[in-house]
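S.K.: Just protein_9.txt, nothing more (compact mmCIF, C-alpha atoms):
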```
# COMPACT_ATOMS: atom_id res chain seq x y z
CA MET F 6 -5.98 1.15 -22.58
CA CYS F 7 -8.07 -1.40 -20.75
CA ASP F 8 -11.39 -3.23 -20.69
CA GLN F 9 -12.94 -3.67 -17.26
CA PHE F 10 -15.83 -5.84 -16.16
CA ALA F 11 -17.40 -5.62 -12.71
CA LEU F 12 -20.34 -7.19 -10.91
CA GLY F 13 -21.49 -5.97 -7.51
CA TYR F 14 -24.18 -6.36 -4.88
CA PHE F 15 -25.14 -3.61 -2.43
CA ARG F 16 -27.69 -3.64 0.37
CA ASN F 17 -28.80 -1.59 3.39
CA PHE F 18 -30.52 -3.26 6.32
CA ALA F 19 -31.70 -2.67 9.93
CA ASP F 20 -33.30 0.67 8.98
CA ASN F 21 -30.13 1.77 7.17
CA MET F 22 -28.01 1.28 10.27
CA PHE F 23 -25.81 -1.13 8.33
CA GLU F 24 -24.79 -1.32 4.71
CA ALA F 25 -22.89 -4.07 2.96
CA SER F 26 -21.35 -4.45 -0.48
CA ALA F 27 -19.48 -7.04 -2.49
CA GLU F 28 -17.94 -6.61 -5.93
CA VAL F 29 -15.81 -8.71 -8.26
CA TYR F 30 -13.90 -7.28 -11.20
CA TYR F 31 -11.63 -8.24 -14.07
CA LYS F 32 -9.45 -5.83 -16.04
CA ASN F 33 -7.67 -6.57 -19.33
CA MET F 34 -4.92 -4.05 -20.15
CA LYS F 35 -2.98 -3.20 -23.32
CA ASN F 36 0.08 -1.00 -23.91
CA VAL F 37 1.22 -1.40 -20.30
CA ILE F 38 4.49 0.52 -19.77
CA ASP F 39 7.44 -0.80 -17.77
CA PHE F 40 11.24 -0.64 -17.80
CA LYS F 41 13.22 -3.39 -19.50
CA ASP F 42 15.49 -5.66 -17.48
CA HIS F 43 18.76 -3.99 -16.39
CA ALA F 44 17.51 -0.58 -17.53
CA GLU F 45 19.89 2.36 -17.12
CA LEU F 46 17.87 5.08 -15.39
CA ILE F 47 20.43 7.41 -13.78
CA GLY F 48 21.87 10.07 -16.07
CA ASN F 49 20.21 8.57 -19.15
CA ALA F 50 19.25 11.28 -21.65
CA ASP F 51 17.32 8.74 -23.76
CA LEU F 52 15.20 7.27 -21.00
CA GLU F 53 12.41 6.38 -23.41
CA GLN F 54 14.73 3.77 -24.95
CA GLU F 55 14.54 1.84 -21.67
CA LEU F 56 10.74 1.53 -21.82
CA ARG F 57 8.86 -1.52 -23.02
CA PHE F 58 5.17 -1.93 -23.84
CA GLY F 59 3.20 -5.06 -23.11
CA LYS F 60 -0.08 -6.38 -21.79
CA GLY F 61 -1.54 -7.23 -18.43
CA TYR F 62 -4.56 -8.25 -16.47
CA SER F 63 -5.91 -7.92 -12.93
CA TYR F 64 -8.84 -9.32 -11.02
CA GLY F 65 -10.18 -9.22 -7.51
CA LEU F 66 -12.92 -9.20 -4.91
CA GLU F 67 -13.91 -6.30 -2.65
CA VAL F 68 -16.25 -6.65 0.34
CA MET F 69 -17.24 -4.10 2.98
CA VAL F 70 -19.62 -3.83 5.94
CA ARG F 71 -20.34 -0.37 7.37
CA LYS F 72 -22.24 0.79 10.47
CA ASN F 73 -23.63 4.31 10.03
CA GLN F 74 -25.66 5.02 13.18
CA GLY F 75 -25.25 4.93 16.93
CA PRO F 76 -22.38 5.94 19.25
CA LEU F 77 -20.16 3.34 17.57
CA SER F 78 -19.73 3.65 13.80
CA GLY F 79 -17.18 2.55 11.24
CA TRP F 80 -16.49 -0.16 8.71
CA VAL F 81 -14.54 -3.29 7.90
CA SER F 82 -13.32 -3.90 4.35
CA TYR F 83 -11.31 -6.64 2.67
CA THR F 84 -9.87 -6.79 -0.83
CA TYR F 85 -8.30 -9.73 -2.63
CA SER F 86 -6.60 -8.73 -5.87
CA ARG F 87 -4.00 -10.00 -8.33
CA SER F 88 -2.22 -8.19 -11.15
CA GLN F 89 0.13 -9.62 -13.81
CA ARG F 90 2.09 -8.19 -16.75
CA LYS F 91 3.97 -9.47 -19.80
CA ALA F 92 6.33 -7.67 -22.20
CA ASP F 93 9.33 -8.33 -24.40
CA ASP F 94 12.76 -7.84 -22.78
CA ILE F 95 11.22 -8.21 -19.32
CA ASN F 96 11.51 -11.44 -17.30
CA GLU F 97 12.48 -13.33 -20.46
CA GLY F 98 9.04 -12.62 -21.92
CA ASP F 99 7.20 -14.53 -19.17
CA TRP F 100 4.36 -13.24 -17.04
CA TYR F 101 5.41 -11.42 -13.86
CA ARG F 102 3.77 -9.64 -10.94
CA SER F 103 3.00 -5.98 -11.50
CA PRO F 104 4.10 -3.48 -8.79
CA TYR F 105 0.43 -3.34 -7.70
CA ASP F 106 0.08 -7.07 -7.04
CA LYS F 107 -0.82 -7.09 -3.34
CA PRO F 108 -3.27 -9.97 -2.79
CA HIS F 109 -4.61 -9.06 0.65
CA ASN F 110 -5.73 -5.65 1.89
CA ILE F 111 -7.69 -5.14 5.13
CA SER F 112 -9.02 -1.93 6.65
CA ILE F 113 -10.82 -1.60 10.00
CA VAL F 114 -12.13 1.80 11.09
CA ALA F 115 -14.03 2.52 14.33
CA ASN F 116 -15.40 5.82 15.69
CA TYR F 117 -16.97 6.15 19.14
CA GLU F 118 -18.67 9.15 20.74
CA LEU F 119 -17.67 9.19 24.40
CA TYR F 120 -19.47 12.35 25.46
CA LYS F 121 -21.07 15.32 23.74
CA LYS F 122 -17.68 16.95 23.27
CA TRP F 123 -15.36 13.97 22.96
CA SER F 124 -15.01 11.24 20.36
CA VAL F 125 -12.27 8.69 19.72
CA SER F 126 -11.33 6.75 16.61
CA ALA F 127 -9.02 3.95 15.53
CA ASN F 128 -7.86 2.87 12.09
CA TRP F 129 -5.95 -0.36 11.37
CA VAL F 130 -4.68 -1.29 7.93
CA TYR F 131 -2.90 -4.36 6.58
CA ALA F 132 -1.54 -5.05 3.12
CA THR F 133 0.54 -7.80 1.55
CA GLY F 134 4.08 -6.59 0.85
CA ALA F 135 4.77 -5.08 -2.56
CA PRO F 136 6.59 -7.23 -5.16
CA VAL F 137 10.33 -6.69 -5.44
CA THR F 138 13.31 -8.10 -7.36
CA TYR F 139 16.15 -9.31 -5.14
CA PRO F 140 19.70 -10.41 -5.96
CA THR F 141 19.92 -14.17 -5.46
CA GLY F 142 23.59 -14.66 -6.26
CA ARG F 143 26.69 -13.03 -7.74
CA PHE F 144 29.86 -13.70 -9.65
CA GLN F 145 33.30 -12.15 -9.50
CA ILE F 146 35.27 -10.56 -12.33
CA GLU F 147 38.73 -9.69 -11.02
CA ASN F 148 37.94 -7.53 -7.96
CA ASN F 149 34.37 -6.68 -8.96
CA TYR F 150 31.27 -8.53 -7.73
CA ILE F 151 28.35 -8.62 -10.18
CA PRO F 152 24.90 -9.43 -8.73
CA ILE F 153 22.59 -12.02 -10.26
CA TYR F 154 18.92 -11.09 -9.87
CA SER F 155 15.79 -13.17 -9.51
CA GLY F 156 12.90 -13.00 -11.96
CA ARG F 157 11.05 -9.68 -12.13
CA ASN F 158 9.13 -9.04 -8.87
CA GLU F 159 9.59 -12.64 -7.77
CA TYR F 160 9.89 -11.74 -4.07
CA ARG F 161 7.93 -9.46 -1.72
CA TYR F 162 8.63 -6.89 0.96
CA PRO F 163 7.38 -7.76 4.46
CA ALA F 164 3.67 -7.10 5.00
CA TYR F 165 2.62 -3.51 5.71
CA HIS F 166 0.41 -2.77 8.70
CA ARG F 167 -0.14 -0.01 11.23
CA LEU F 168 -2.63 1.36 13.80
CA ASP F 169 -3.69 5.02 13.98
CA LEU F 170 -5.45 6.47 17.02
CA ALA F 171 -7.19 9.83 17.50
CA ALA F 172 -9.28 11.74 20.05
CA THR F 173 -11.31 14.83 19.10
CA MET F 174 -12.63 17.50 21.45
CA GLN F 175 -15.42 19.84 20.23
CA LEU F 176 -14.69 23.42 21.30
CA SER F 177 -17.65 25.28 19.79
CA LYS F 178 -21.01 25.76 21.48
CA PRO F 179 -24.22 24.36 19.93
CA GLY F 180 -25.91 26.70 17.45
CA LYS F 181 -22.77 28.67 16.61
CA ARG F 182 -21.94 29.17 12.93
CA LEU F 183 -18.21 28.89 13.55
CA LYS F 184 -17.31 25.40 14.66
CA HIS F 185 -13.87 24.26 15.73
CA ASP F 186 -12.28 21.29 17.45
CA LEU F 187 -8.96 19.87 18.56
CA THR F 188 -7.77 16.48 17.38
CA PHE F 189 -4.97 14.60 19.13
CA SER F 190 -3.68 11.76 16.95
CA LEU F 191 -0.99 9.10 16.97
CA TYR F 192 0.06 7.70 13.60
CA ASN F 193 1.46 4.15 13.66
CA ALA F 194 0.68 3.76 17.35
CA TYR F 195 2.68 0.55 17.94
CA GLY F 196 5.70 1.76 15.99
CA ARG F 197 5.66 -0.76 13.16
CA LYS F 198 8.84 -0.42 11.05
CA ASN F 199 7.31 -0.82 7.63
CA PRO F 200 10.07 -1.11 5.00
CA TRP F 201 10.52 1.68 2.49
CA THR F 202 13.20 -0.29 0.68
CA ILE F 203 15.74 -3.06 1.32
CA LEU F 204 19.35 -2.54 0.31
CA PHE F 205 22.05 -5.16 -0.19
CA ASN F 206 25.54 -4.05 0.82
CA GLN F 207 28.99 -5.59 1.14
CA GLU F 208 30.91 -5.82 4.39
CA ALA F 209 33.67 -3.21 4.35
CA ASP F 210 36.39 -5.57 5.60
CA MET F 211 34.99 -8.68 3.85
CA PRO F 212 33.91 -7.76 0.29
CA ASP F 213 32.87 -11.34 -0.44
CA VAL F 214 30.19 -11.15 2.30
CA SER F 215 26.96 -9.19 1.71
CA TYR F 216 24.04 -8.31 3.98
CA ALA F 217 20.52 -6.92 3.65
CA GLU F 218 19.59 -3.62 5.28
CA GLN F 219 15.98 -2.44 5.72
CA VAL F 220 15.24 1.27 5.35
CA TYR F 221 12.08 2.74 6.89
CA LEU F 222 10.88 6.33 7.11
CA PHE F 223 9.50 6.60 10.66
CA THR F 224 7.73 4.73 13.43
CA PHE F 225 5.01 6.54 15.41
CA ILE F 226 4.13 10.23 14.87
CA PRO F 227 2.04 12.24 17.35
CA SER F 228 0.22 15.36 16.17
CA VAL F 229 -2.30 18.00 17.26
CA THR F 230 -4.70 19.59 14.76
CA TRP F 231 -6.97 22.60 15.25
CA ASN F 232 -9.86 22.40 12.79
CA PHE F 233 -12.23 25.23 11.83
CA THR F 234 -15.55 24.91 9.97
CA PHE F 235 -17.47 27.96 8.72
```
Would you write out, as structure tokens, the structure that this file holds?
M.R.:
Amino acid sequence: MCDQFALGYFRNFADNMFEASAEVYYKNMKNVIDFKDHAELIGNADLEQELRFGKGYSYGLEVMVRKNQGPLSGWVSYTYSRSQRKADDINEGDWYRSPYDKPHNISIVANYELYKKWSVSANWVYATGAPVTYPTGRFQIENNYIPIYSGRNEYRYPAYHRLDLAATMQLSKPGKRLKHDLTFSLYNAYGRKNPWTILFNQEADMPDVSYAEQVYLFTFIPSVTWNFTF
């Protein structure tokens, strides 16, 4: 359950070639669900016992400028947003960042018509790293090492960003009902290794020494798509 308030301004100019918008918002949330600290999730038949209900709020600013006409089209958008939560048995009852607290988000999209049959496009995105809880220390009980964690979502993953490129060739002739084209694309063109998760492991021959290991899914992915429109 939430109450949301928003105020925006929208305008077209230069004979509708450009459009711009700006909006601010505030959201007050109740009965927000999250897991308690040190929740047991694997093999737990009573998983609902690990849930806690609390409150939260978020606010932000969204701005965008779009170009709709001409050989070059696209848009630039920027979002600043914050999101906080609070619940019993989580972070000692203090406010903490929600998983969606990513202050900065940028998107730049450009499309350009080279010839009658060819067009190219580029898409670049950037986002602040997602909040995460890291171990900040540990203690030893006999031969077992027990981690000591930071406050809930006190740290962040590295920032996420990537560039996607594409080129499209129109294959159909003008006036034909069946239209089709080929699109050659490259996802994550500069091979950014955006983290999926970060694991903390112990050295096999030195159990008192630990290290962080970043896990990512992939770097760049080329693809070819054949599109049909009836």
S.K.: Within 7 Å of Met6 of chain F, counting all atoms listed in the file, which residues qualify if same-chain residues fewer than 2 places away don't, as number ranges by chain?
M.R.: F: 34-36
S.K.: For the atom pair atom CA of Ala44 of chain F and atom CA of Trp201 of chain F, what is the interatomic distance in Å to one decimal place?
M.R.: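 Separation of atom CA of Ala44 of chain F and atom CA of Trp201 of chain F: 21.3 Å.
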S.K.: Find, counting all atoms listed in the file, the residue in F:Ala27, F:Met211, F:Ala92, F:Leu183 that gets nearest to Phe40 of chain F.
M.R.: F:Ala92
S.K.: So that I can check the surroundings of Val37 of chain F, please list as a ChimeraX atom specification every protein, DNA and RNA residue that reaches within 9 Å of it, counting all atoms listed in the file and ignoring chain neighbours fewer than 3 positions away.
M.R.: /F:6,34,57-61,90-92
S.K.: Do a neighbour search on Tyr117 of chain F at 12 Å with all atoms listed in the file, toss out local chain neighbours closer than 6 positions, and write the hits as an NGL selection string.
M.R.: :F and (72-79 or 123-128 or 170-173)
S.K.: For Gln145 of chain F, which residue out of F:Leu187, F:Asp213, F:Gly180, F:Val70 is the nearest one, using only C-alpha atoms?
M.R.: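 Closest to Gln145 of chain F of all the choices is F:Asp213.
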S.K.: I need the residue nearest Ile151 of chain F from this list: F:Glu53, F:Leu46, F:Ser215, F:Gly196. Use all atoms listed in the file for the distance.
M.R.: F:Ser215
S.K.: Residues within 12 Å of Asp169 of chain F, please, as a list in words. Count all atoms listed in the file; anything in the same chain fewer than 3 positions from it doesn't count.
M.R.: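 Skipping anything fewer than 3 positions along the chain leaves Ser112, Ile113, Val114, Ala115, Asn116, Val125, Ser126, Ala127, Asn128, Trp129, Val130, Tyr131, His166, Ala172, Phe189, Ser190, Leu191, Tyr192, Asn193, Ala194, Tyr195, Gly196, Arg197, Thr224, Phe225, Ile226, Pro227 and Ser228 of chain F.
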S.K.: I'd like to know which of F:Arg87, F:His185, F:Lys107, F:Lys121 is closest to Thr133 of chain F, using only C-alpha atoms.
M.R.: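 Of all the options, F:Lys107 lies closest to Thr133 of chain F.
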S.K.: Might you pull out every residue within 6 Å of Arg102 of chain F, with only C-alpha atoms counted and same-chain residues fewer than 4 positions away left off, and present them as a list in words?
M.R.: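 Residues near the query, excluding close chain neighbours: Gln89, Asp106 and Asn158 of chain F.
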S.K.: Looking at only C-alpha atoms, which of F:Phe205, F:Trp100, F:Tyr120, F:Tyr62 is the one that sits closest to Arg157 of chain F?
M.R.: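 Counting only C-alpha atoms, the residue closest to Arg157 of chain F is F:Trp100.
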S.K.: Mind giving me the straight-line distance from atom CA of Lys198 of chain F to atom CA of Ala132 of chain F in Å, one decimal?
M.R.: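 A separation of 13.9 Å between them.
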S.K.: Provide the atom CA of Gly142 of chain F to atom CA of His109 of chain F distance in Å, to one decimal place.
M.R.: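 Computing it gives 29.6 Å between the two atoms.
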S.K.: The residues within 12 Å of (-22.9, -13.0, -12.7), using all atoms listed in the file and the coordinates of the file, should be reported as a VMD selection string; which are they?
M.R.: chain F and resid 10 to 14 28 to 30
S.K.: Could you check which of F:Arg71, F:Asp42, F:Ser88, F:Asp93 is closest to Ile153 of chain F, using only C-alpha atoms?
M.R.: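 So, comparing all the options, the nearest one is F:Asp42.
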S.K.: Kindly extract all protein, DNA and RNA residues lying within 9 Å of the coordinates (-9.1, 25.8, 14.9) given in the file, considering only C-alpha atoms, and supply them as an mmCIF file with C-alpha atoms, keeping the file's coordinate frame.
M.R.:
```cif
data_model
loop_
_atom_site.group_PDB
_atom_site.id
_atom_site.type_symbol
_atom_site.label_atom_id
_atom_site.label_comp_id
_atom_site.auth_asym_id
_atom_site.auth_seq_id
_atom_site.Cartn_x
_atom_site.Cartn_y
_atom_site.Cartn_z
ATOM 1 C CA LEU F 176 -14.690 23.420 21.300
ATOM 2 C CA LYS F 184 -17.310 25.400 14.660
ATOM 3 C CA HIS F 185 -13.870 24.260 15.730
ATOM 4 C CA ASP F 186 -12.280 21.290 17.450
ATOM 5 C CA LEU F 187 -8.960 19.870 18.560
ATOM 6 C CA THR F 230 -4.700 19.590 14.760
ATOM 7 C CA TRP F 231 -6.970 22.600 15.250
ATOM 8 C CA ASN F 232 -9.860 22.400 12.790
ATOM 9 C CA PHE F 233 -12.230 25.230 11.830
ATOM 10 C CA THR F 234 -15.550 24.910 9.970
#
```
